[in-house]
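One file, upload18.txt, carrying compact mmCIF, N, CA and C atoms and all ligand atoms:
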```txt
# COMPACT_ATOMS: atom_id res chain seq x y z
N MET A 149 -13.84 -18.83 7.73
CA MET A 149 -14.31 -20.22 7.75
C MET A 149 -13.83 -20.94 6.49
N GLU A 150 -13.44 -22.16 6.65
CA GLU A 150 -12.92 -22.98 5.56
C GLU A 150 -13.82 -22.96 4.32
N GLY A 151 -13.22 -22.67 3.18
CA GLY A 151 -13.97 -22.66 1.92
C GLY A 151 -14.73 -21.37 1.65
N GLU A 152 -14.76 -20.48 2.62
CA GLU A 152 -15.49 -19.22 2.47
C GLU A 152 -14.68 -18.25 1.62
N LYS A 153 -15.38 -17.47 0.79
CA LYS A 153 -14.64 -16.52 -0.04
C LYS A 153 -14.10 -15.38 0.82
N ILE A 154 -12.87 -14.99 0.50
CA ILE A 154 -12.20 -13.93 1.26
C ILE A 154 -12.55 -12.58 0.66
N ILE A 155 -12.56 -12.51 -0.66
CA ILE A 155 -13.00 -11.33 -1.40
C ILE A 155 -13.76 -11.80 -2.62
N GLU A 156 -14.42 -10.87 -3.30
CA GLU A 156 -15.06 -11.21 -4.57
C GLU A 156 -13.98 -11.74 -5.51
N PRO A 157 -14.36 -12.60 -6.45
CA PRO A 157 -13.35 -13.13 -7.37
C PRO A 157 -12.58 -12.00 -8.05
N ILE A 158 -11.32 -12.25 -8.36
CA ILE A 158 -10.51 -11.27 -9.08
C ILE A 158 -10.36 -11.75 -10.53
N ILE A 159 -10.12 -10.81 -11.42
CA ILE A 159 -9.94 -11.14 -12.82
C ILE A 159 -8.46 -11.02 -13.14
N VAL A 160 -7.89 -12.08 -13.68
CA VAL A 160 -6.47 -12.08 -14.08
C VAL A 160 -6.42 -12.48 -15.55
N GLY A 161 -6.13 -11.51 -16.39
CA GLY A 161 -6.04 -11.79 -17.82
C GLY A 161 -7.33 -12.37 -18.39
N GLY A 162 -8.45 -11.91 -17.86
CA GLY A 162 -9.74 -12.39 -18.36
C GLY A 162 -10.26 -13.62 -17.64
N PHE A 163 -9.43 -14.23 -16.83
CA PHE A 163 -9.88 -15.41 -16.08
C PHE A 163 -10.39 -14.99 -14.69
N THR A 164 -11.46 -15.61 -14.28
CA THR A 164 -12.02 -15.35 -12.96
C THR A 164 -11.33 -16.26 -11.94
N VAL A 165 -10.74 -15.63 -10.95
CA VAL A 165 -10.00 -16.37 -9.92
C VAL A 165 -10.71 -16.17 -8.58
N ARG A 166 -11.12 -17.27 -7.99
CA ARG A 166 -11.75 -17.20 -6.67
C ARG A 166 -10.67 -17.14 -5.59
N VAL A 167 -11.01 -16.51 -4.49
CA VAL A 167 -10.08 -16.40 -3.35
C VAL A 167 -10.81 -16.92 -2.12
N GLU A 168 -10.33 -18.06 -1.63
CA GLU A 168 -11.04 -18.72 -0.53
C GLU A 168 -10.12 -18.97 0.67
N ASP A 169 -10.76 -19.08 1.79
CA ASP A 169 -10.10 -19.48 3.03
C ASP A 169 -9.86 -20.99 3.00
N ALA A 170 -8.60 -21.37 3.19
CA ALA A 170 -8.28 -22.80 3.27
C ALA A 170 -7.30 -23.01 4.43
N SER A 171 -7.62 -22.40 5.54
CA SER A 171 -6.71 -22.39 6.70
C SER A 171 -6.25 -23.77 7.14
N SER A 172 -7.17 -24.70 7.25
CA SER A 172 -6.80 -26.04 7.76
C SER A 172 -5.81 -26.74 6.84
N ALA A 173 -6.15 -26.79 5.55
CA ALA A 173 -5.29 -27.47 4.59
C ALA A 173 -3.92 -26.79 4.51
N LEU A 174 -3.92 -25.46 4.53
CA LEU A 174 -2.66 -24.73 4.41
C LEU A 174 -1.82 -24.86 5.67
N GLN A 175 -2.49 -24.86 6.81
CA GLN A 175 -1.77 -24.99 8.07
C GLN A 175 -1.04 -26.34 8.12
N TYR A 176 -1.71 -27.36 7.61
CA TYR A 176 -1.12 -28.70 7.56
C TYR A 176 0.15 -28.69 6.71
N GLN A 177 0.11 -27.89 5.61
CA GLN A 177 1.28 -27.79 4.72
C GLN A 177 2.24 -26.68 5.15
N GLN A 178 1.90 -26.00 6.24
CA GLN A 178 2.69 -24.87 6.75
C GLN A 178 2.85 -23.77 5.70
N LEU A 179 1.73 -23.43 5.04
CA LEU A 179 1.71 -22.38 4.02
C LEU A 179 0.75 -21.25 4.42
N CYS A 180 1.07 -20.04 3.96
CA CYS A 180 0.17 -18.89 4.17
C CYS A 180 -0.89 -18.85 3.07
N GLY A 181 -0.53 -19.39 1.91
CA GLY A 181 -1.45 -19.34 0.79
C GLY A 181 -1.02 -20.30 -0.30
N SER A 182 -1.87 -20.41 -1.31
CA SER A 182 -1.57 -21.33 -2.40
C SER A 182 -2.32 -20.91 -3.66
N TRP A 183 -1.69 -21.13 -4.82
CA TRP A 183 -2.33 -20.88 -6.11
C TRP A 183 -2.61 -22.24 -6.75
N LEU A 184 -3.88 -22.52 -6.99
CA LEU A 184 -4.25 -23.77 -7.63
C LEU A 184 -4.73 -23.45 -9.04
N GLY A 185 -3.80 -23.45 -9.96
CA GLY A 185 -4.08 -23.04 -11.33
C GLY A 185 -5.17 -23.85 -12.00
N TYR A 186 -5.19 -25.14 -11.75
CA TYR A 186 -6.17 -26.01 -12.41
C TYR A 186 -7.60 -25.70 -11.94
N ARG A 187 -7.72 -24.98 -10.84
CA ARG A 187 -9.05 -24.59 -10.33
C ARG A 187 -9.27 -23.08 -10.37
N ASN A 188 -8.30 -22.33 -10.93
CA ASN A 188 -8.36 -20.87 -10.89
C ASN A 188 -8.71 -20.38 -9.49
N LEU A 189 -7.96 -20.87 -8.54
CA LEU A 189 -8.27 -20.63 -7.14
C LEU A 189 -7.04 -20.21 -6.34
N ILE A 190 -7.22 -19.14 -5.58
CA ILE A 190 -6.20 -18.73 -4.61
C ILE A 190 -6.75 -19.10 -3.23
N GLN A 191 -5.92 -19.81 -2.48
CA GLN A 191 -6.30 -20.17 -1.12
C GLN A 191 -5.46 -19.33 -0.16
N ILE A 192 -6.12 -18.85 0.86
CA ILE A 192 -5.44 -18.02 1.87
C ILE A 192 -5.73 -18.63 3.25
N SER A 193 -4.69 -18.59 4.10
CA SER A 193 -4.91 -19.00 5.48
C SER A 193 -5.25 -17.77 6.31
N THR A 194 -6.36 -17.83 6.99
CA THR A 194 -6.78 -16.69 7.82
C THR A 194 -6.26 -16.82 9.25
N THR A 195 -5.37 -17.80 9.47
CA THR A 195 -4.79 -17.95 10.80
C THR A 195 -3.66 -16.95 11.02
N TYR A 196 -3.22 -16.30 9.93
CA TYR A 196 -2.16 -15.30 10.04
C TYR A 196 -2.77 -13.91 10.18
N ASP A 197 -1.96 -12.93 10.58
CA ASP A 197 -2.45 -11.56 10.72
C ASP A 197 -2.83 -10.99 9.35
N LYS A 198 -3.59 -9.90 9.38
CA LYS A 198 -4.14 -9.32 8.14
C LYS A 198 -3.04 -8.90 7.17
N GLN A 199 -1.94 -8.37 7.70
CA GLN A 199 -0.86 -7.94 6.80
C GLN A 199 -0.27 -9.13 6.06
N THR A 200 -0.07 -10.22 6.76
CA THR A 200 0.45 -11.44 6.13
C THR A 200 -0.54 -11.95 5.09
N GLN A 201 -1.82 -11.89 5.41
CA GLN A 201 -2.84 -12.33 4.45
C GLN A 201 -2.81 -11.45 3.20
N ALA A 202 -2.64 -10.13 3.40
CA ALA A 202 -2.60 -9.20 2.26
C ALA A 202 -1.36 -9.47 1.40
N GLN A 203 -0.22 -9.67 2.04
CA GLN A 203 1.01 -9.98 1.31
C GLN A 203 0.85 -11.29 0.54
N THR A 204 0.20 -12.24 1.18
CA THR A 204 -0.02 -13.54 0.55
C THR A 204 -0.93 -13.40 -0.66
N LEU A 205 -1.92 -12.54 -0.54
CA LEU A 205 -2.82 -12.30 -1.66
C LEU A 205 -2.06 -11.74 -2.87
N VAL A 206 -1.16 -10.80 -2.62
CA VAL A 206 -0.33 -10.26 -3.70
C VAL A 206 0.54 -11.37 -4.28
N HIS A 207 1.15 -12.16 -3.40
CA HIS A 207 2.04 -13.25 -3.81
C HIS A 207 1.31 -14.27 -4.71
N GLU A 208 0.16 -14.70 -4.25
CA GLU A 208 -0.57 -15.71 -5.02
C GLU A 208 -1.13 -15.13 -6.32
N THR A 209 -1.45 -13.83 -6.30
CA THR A 209 -1.90 -13.17 -7.53
C THR A 209 -0.77 -13.15 -8.56
N LEU A 210 0.46 -12.96 -8.09
CA LEU A 210 1.61 -13.01 -9.01
C LEU A 210 1.74 -14.40 -9.63
N HIS A 211 1.47 -15.44 -8.85
CA HIS A 211 1.48 -16.80 -9.42
C HIS A 211 0.40 -16.93 -10.49
N ALA A 212 -0.76 -16.33 -10.23
CA ALA A 212 -1.85 -16.37 -11.21
C ALA A 212 -1.45 -15.62 -12.48
N ILE A 213 -0.79 -14.46 -12.32
CA ILE A 213 -0.31 -13.69 -13.47
C ILE A 213 0.71 -14.52 -14.25
N ASN A 214 1.59 -15.18 -13.55
CA ASN A 214 2.57 -16.04 -14.21
C ASN A 214 1.87 -17.14 -15.01
N ALA A 215 0.84 -17.71 -14.44
CA ALA A 215 0.11 -18.79 -15.12
C ALA A 215 -0.55 -18.28 -16.40
N VAL A 216 -1.15 -17.10 -16.32
CA VAL A 216 -1.91 -16.58 -17.46
C VAL A 216 -0.99 -15.95 -18.51
N TYR A 217 -0.10 -15.08 -18.06
CA TYR A 217 0.70 -14.29 -19.02
C TYR A 217 2.02 -14.96 -19.42
N LEU A 218 2.51 -15.86 -18.60
CA LEU A 218 3.78 -16.53 -18.92
C LEU A 218 3.60 -18.03 -19.07
N GLU A 219 2.34 -18.45 -19.22
CA GLU A 219 2.01 -19.87 -19.41
C GLU A 219 2.70 -20.74 -18.37
N SER A 220 2.59 -20.31 -17.12
CA SER A 220 3.15 -21.06 -15.97
C SER A 220 4.62 -21.37 -16.14
N ARG A 221 5.35 -20.38 -16.67
CA ARG A 221 6.80 -20.54 -16.80
C ARG A 221 7.40 -20.88 -15.44
N GLU A 222 8.47 -21.65 -15.49
CA GLU A 222 9.17 -22.01 -14.26
C GLU A 222 9.76 -20.74 -13.64
N VAL A 223 9.29 -20.36 -12.47
CA VAL A 223 9.85 -19.19 -11.79
C VAL A 223 10.29 -19.63 -10.40
N ASP A 224 11.40 -19.06 -9.97
CA ASP A 224 11.83 -19.50 -8.65
C ASP A 224 11.05 -18.74 -7.57
N GLU A 225 10.75 -19.45 -6.53
CA GLU A 225 9.89 -18.96 -5.47
C GLU A 225 10.46 -17.70 -4.82
N ALA A 226 11.78 -17.61 -4.73
CA ALA A 226 12.40 -16.44 -4.10
C ALA A 226 12.11 -15.18 -4.91
N THR A 227 12.10 -15.31 -6.24
CA THR A 227 11.80 -14.16 -7.09
C THR A 227 10.34 -13.73 -6.92
N VAL A 228 9.44 -14.69 -6.92
CA VAL A 228 8.02 -14.38 -6.71
C VAL A 228 7.84 -13.71 -5.35
N ALA A 229 8.48 -14.27 -4.34
CA ALA A 229 8.35 -13.72 -2.98
C ALA A 229 8.87 -12.29 -2.91
N ALA A 230 10.02 -12.02 -3.56
CA ALA A 230 10.58 -10.68 -3.53
C ALA A 230 9.71 -9.70 -4.31
N MET A 231 9.23 -10.11 -5.48
CA MET A 231 8.36 -9.25 -6.28
C MET A 231 7.05 -8.96 -5.53
N ALA A 232 6.51 -9.97 -4.89
CA ALA A 232 5.27 -9.80 -4.13
C ALA A 232 5.49 -8.84 -2.96
N GLN A 233 6.61 -9.03 -2.28
CA GLN A 233 6.93 -8.15 -1.16
C GLN A 233 7.07 -6.71 -1.64
N GLY A 234 7.77 -6.53 -2.75
CA GLY A 234 7.96 -5.20 -3.33
C GLY A 234 6.64 -4.58 -3.75
N TRP A 235 5.81 -5.34 -4.45
CA TRP A 235 4.51 -4.83 -4.88
C TRP A 235 3.63 -4.49 -3.69
N PHE A 236 3.62 -5.36 -2.71
CA PHE A 236 2.82 -5.10 -1.51
C PHE A 236 3.21 -3.77 -0.89
N GLN A 237 4.52 -3.54 -0.75
CA GLN A 237 4.99 -2.32 -0.11
C GLN A 237 4.68 -1.09 -0.95
N VAL A 238 4.83 -1.21 -2.28
CA VAL A 238 4.50 -0.08 -3.17
C VAL A 238 3.00 0.24 -3.09
N ILE A 239 2.18 -0.79 -3.07
CA ILE A 239 0.72 -0.59 -2.97
C ILE A 239 0.38 0.12 -1.67
N ILE A 240 0.96 -0.35 -0.57
CA ILE A 240 0.68 0.23 0.75
C ILE A 240 1.18 1.66 0.87
N ASP A 241 2.40 1.90 0.36
CA ASP A 241 3.02 3.22 0.52
C ASP A 241 2.49 4.26 -0.47
N ASN A 242 1.82 3.80 -1.53
CA ASN A 242 1.43 4.72 -2.61
C ASN A 242 0.00 4.54 -3.09
N PRO A 243 -0.97 4.75 -2.21
CA PRO A 243 -2.36 4.60 -2.68
C PRO A 243 -2.67 5.54 -3.83
N HIS A 244 -1.99 6.71 -3.87
CA HIS A 244 -2.22 7.65 -4.96
C HIS A 244 -1.77 7.06 -6.30
N LEU A 245 -0.74 6.22 -6.28
CA LEU A 245 -0.25 5.58 -7.50
C LEU A 245 -1.32 4.63 -8.05
N ILE A 246 -1.87 3.82 -7.18
CA ILE A 246 -2.88 2.86 -7.60
C ILE A 246 -4.11 3.61 -8.12
N LYS A 247 -4.53 4.67 -7.41
CA LYS A 247 -5.68 5.47 -7.86
C LYS A 247 -5.40 6.09 -9.22
N LYS A 248 -4.17 6.59 -9.41
CA LYS A 248 -3.81 7.24 -10.67
C LYS A 248 -3.82 6.22 -11.82
N ILE A 249 -3.22 5.07 -11.60
CA ILE A 249 -3.21 4.03 -12.63
C ILE A 249 -4.64 3.67 -13.00
N TRP A 250 -5.47 3.51 -11.98
CA TRP A 250 -6.86 3.13 -12.19
C TRP A 250 -7.59 4.22 -12.98
N SER A 251 -7.41 5.48 -12.58
CA SER A 251 -8.13 6.57 -13.25
C SER A 251 -7.62 6.78 -14.67
N MET A 252 -6.32 6.58 -14.91
CA MET A 252 -5.79 6.70 -16.26
C MET A 252 -6.37 5.61 -17.16
N ALA A 253 -6.42 4.39 -16.65
CA ALA A 253 -6.98 3.29 -17.43
C ALA A 253 -8.47 3.51 -17.67
N GLU A 254 -9.15 4.01 -16.65
CA GLU A 254 -10.59 4.28 -16.76
C GLU A 254 -10.84 5.36 -17.81
N ALA A 255 -10.04 6.42 -17.80
CA ALA A 255 -10.17 7.51 -18.77
C ALA A 255 -9.98 6.96 -20.19
N GLU A 256 -9.03 6.06 -20.33
CA GLU A 256 -8.77 5.45 -21.64
C GLU A 256 -9.99 4.64 -22.10
N ARG A 257 -10.56 3.88 -21.18
CA ARG A 257 -11.75 3.08 -21.50
C ARG A 257 -12.92 3.96 -21.91
N GLU A 258 -13.00 5.15 -21.29
CA GLU A 258 -14.10 6.06 -21.59
C GLU A 258 -13.83 6.92 -22.81
N GLY A 259 -12.65 6.72 -23.40
CA GLY A 259 -12.33 7.41 -24.64
C GLY A 259 -11.82 8.82 -24.49
N ASN A 260 -11.43 9.18 -23.28
CA ASN A 260 -10.82 10.50 -23.10
C ASN A 260 -9.49 10.39 -22.37
N GLY A 261 -8.64 9.63 -22.98
CA GLY A 261 -7.33 9.35 -22.39
C GLY A 261 -6.43 10.55 -22.25
N VAL A 262 -6.83 11.70 -22.83
CA VAL A 262 -5.99 12.90 -22.74
C VAL A 262 -6.50 13.83 -21.64
N LYS A 263 -7.45 13.34 -20.84
CA LYS A 263 -8.08 14.12 -19.77
C LYS A 263 -7.09 14.89 -18.89
N ASP A 264 -5.98 14.23 -18.55
CA ASP A 264 -5.05 14.84 -17.61
C ASP A 264 -4.04 15.80 -18.24
N THR A 265 -3.96 15.81 -19.56
CA THR A 265 -3.02 16.72 -20.22
C THR A 265 -3.85 17.79 -20.92
N GLU A 266 -4.19 18.81 -20.16
CA GLU A 266 -5.12 19.84 -20.63
C GLU A 266 -4.75 20.39 -22.00
N GLY A 267 -5.74 20.48 -22.86
CA GLY A 267 -5.54 21.09 -24.16
C GLY A 267 -5.03 20.13 -25.23
N VAL A 268 -4.24 19.14 -24.83
CA VAL A 268 -3.66 18.24 -25.80
C VAL A 268 -4.74 17.38 -26.45
N GLY A 269 -4.79 17.40 -27.74
CA GLY A 269 -5.69 16.52 -28.49
C GLY A 269 -7.12 16.99 -28.52
N GLU A 270 -7.43 18.17 -28.00
CA GLU A 270 -8.82 18.62 -27.96
C GLU A 270 -9.37 19.09 -29.30
N LYS A 271 -8.49 19.55 -30.17
CA LYS A 271 -8.96 20.18 -31.41
C LYS A 271 -9.15 19.23 -32.59
N ASP A 272 -8.67 17.99 -32.47
CA ASP A 272 -8.83 17.07 -33.61
C ASP A 272 -9.94 16.09 -33.40
ZN ZN B 1 4.70 -18.82 -4.12
```
Would you mind writing the file's structure down as structure tokens?
Ligand SMILES: [Zn+2]
Amino acid sequence: MEGEKIIEPIIVGGFTVRVEDASSALQYQQLCGSWLGYRNLIQISTTYDKQTQAQTLVHETLHAINAVYLESREVDEATVAAMAQGWFQVIIDNPHLIKKIWSMAEAEREGNGVKDTEGVGEKD
């Protein structure tokens, strides 16, 4: 439904980004999604299939990353689209990679970043 949140807000570089359904507005513009930096908002059209919505979510998140980490540097849309497509496919094909990255970062946050390399760093 229009304006309804699609997922819980995501955090990009410390900024809270809402993800909402904006099917009508996007359909009018013939877009699958949109990044509205001034509102920290990702809009997704739910009129497309779930895979397209997921790809769009990755795509718009890359725009958000560009806004936060590259100060909205001018990037060409084809590059964003290709990077998003690549990331989407890597995420889908490698759930173990995402879990590993997450668990490594989590271990670091918990102060035992050497958890996976048995014996290393245990004695100091
Ligand atoms: Zn784009």
Inset, instruction - Please measure the separation of CA of Ala215 (chain A) and atom N of Lys247 (chain A), giving the value in Å to one decimal. - result: 25.1 Å
Inset, instruction - Using only N, CA and C atoms and all ligand atoms, pick whichever of A:Glu219, A:Asp169, A:Glu254, A:Asp224 has the shortest atom-to-atom distance to ligand ZN 1 (chain B). - result: A:Asp224
Which residues of chain A have any atom within 6.5 Å of an atom in ligand ZN 1 (chain B) when counting only N, CA and C atoms and all ligand atoms, and what is the closest pair of atoms for each, with the distance in Å to one decimal? Order the rows by chain and rising number and write it as CSV.
```
residue,atom,partner,partner_atom,distance
A:His207,C,B:ZN1,ZN,5.7
A:Glu208,N,B:ZN1,ZN,6.1
A:Glu225,CA,B:ZN1,ZN,5.4
A:Val228,CA,B:ZN1,ZN,6.1
A:Ala229,N,B:ZN1,ZN,5.9
```
Legend entry - For Ser171 (chain A): contacts at 8 Å, only N, CA and C atoms, fewer than 6 positions along chain excluded, given as number ranges by chain: A: 149-152, 177, 179-180, 191-196
Legend entry - Surrounding residues of region 197-203 of chain A excluding itself and chain neighbours under 6 positions, 9 Å, only C-alpha atoms, as a PyMOL selection string: chain A and resi 180-181+232-233+235-237
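Considering only N, CA and C atoms, the residue among A:Thr204, A:Ala170, A:Val165, A:Val223 positioned nearest to Asn188 (chain A) is A:Val165.
Closest to Val238 (chain A) among A:Val206, A:Glu222, A:Leu189, A:Ser251 is A:Val206, based on only C-alpha atoms.
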Inset, instruction - Enumerate, as a ChimeraX atom specification, the complete set of residues in region 160-254 of chain A that a backbone-based DSSP assignment places in alpha helix (DSSP H). - result: /A:171-176,198-217,225-241,243-254
Inset, instruction - Enter the distance from atom N of Leu174 (chain A) to atom C of Pro157 (chain A), in Å, rounded to one decimal. - result: 20.4 Å
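One distance worth recording is that between atom C of Leu205 (chain A) and atom N of Glu258 (chain A), which is 27.3 Å.
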Legend entry - Contact residues around region 159-163 of chain A with only C-alpha atoms at 7 Å, ignoring same-chain residues under 3 positions, as a PyMOL selection string: chain A and resi 212-213+216
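Listed by chain and then by rising number, the residues of chain A that DSSP assigns to strand (DSSP E) from the backbone are Lys153, Ile154, Ile155, Glu156, Pro157, Ile158, Ile159, Val160, Phe163, Thr164, Val165, Arg166, Val167, Glu168, Asp169, Gly181, Ser182, Trp183, Leu184, Leu189, Ile190, Gln191 and Ile192 of chain A.
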Let me have the centre and edge lengths of the axis-aligned box enclosing all listed atoms of region 208-212 of chain A with 3 Å padding on every side, in Å to one decimal, as JSON.
```
{"center_x": -0.1, "center_y": -14.9, "center_z": -8.4, "size_x": 9.6, "size_y": 10.0, "size_z": 14.2}
```
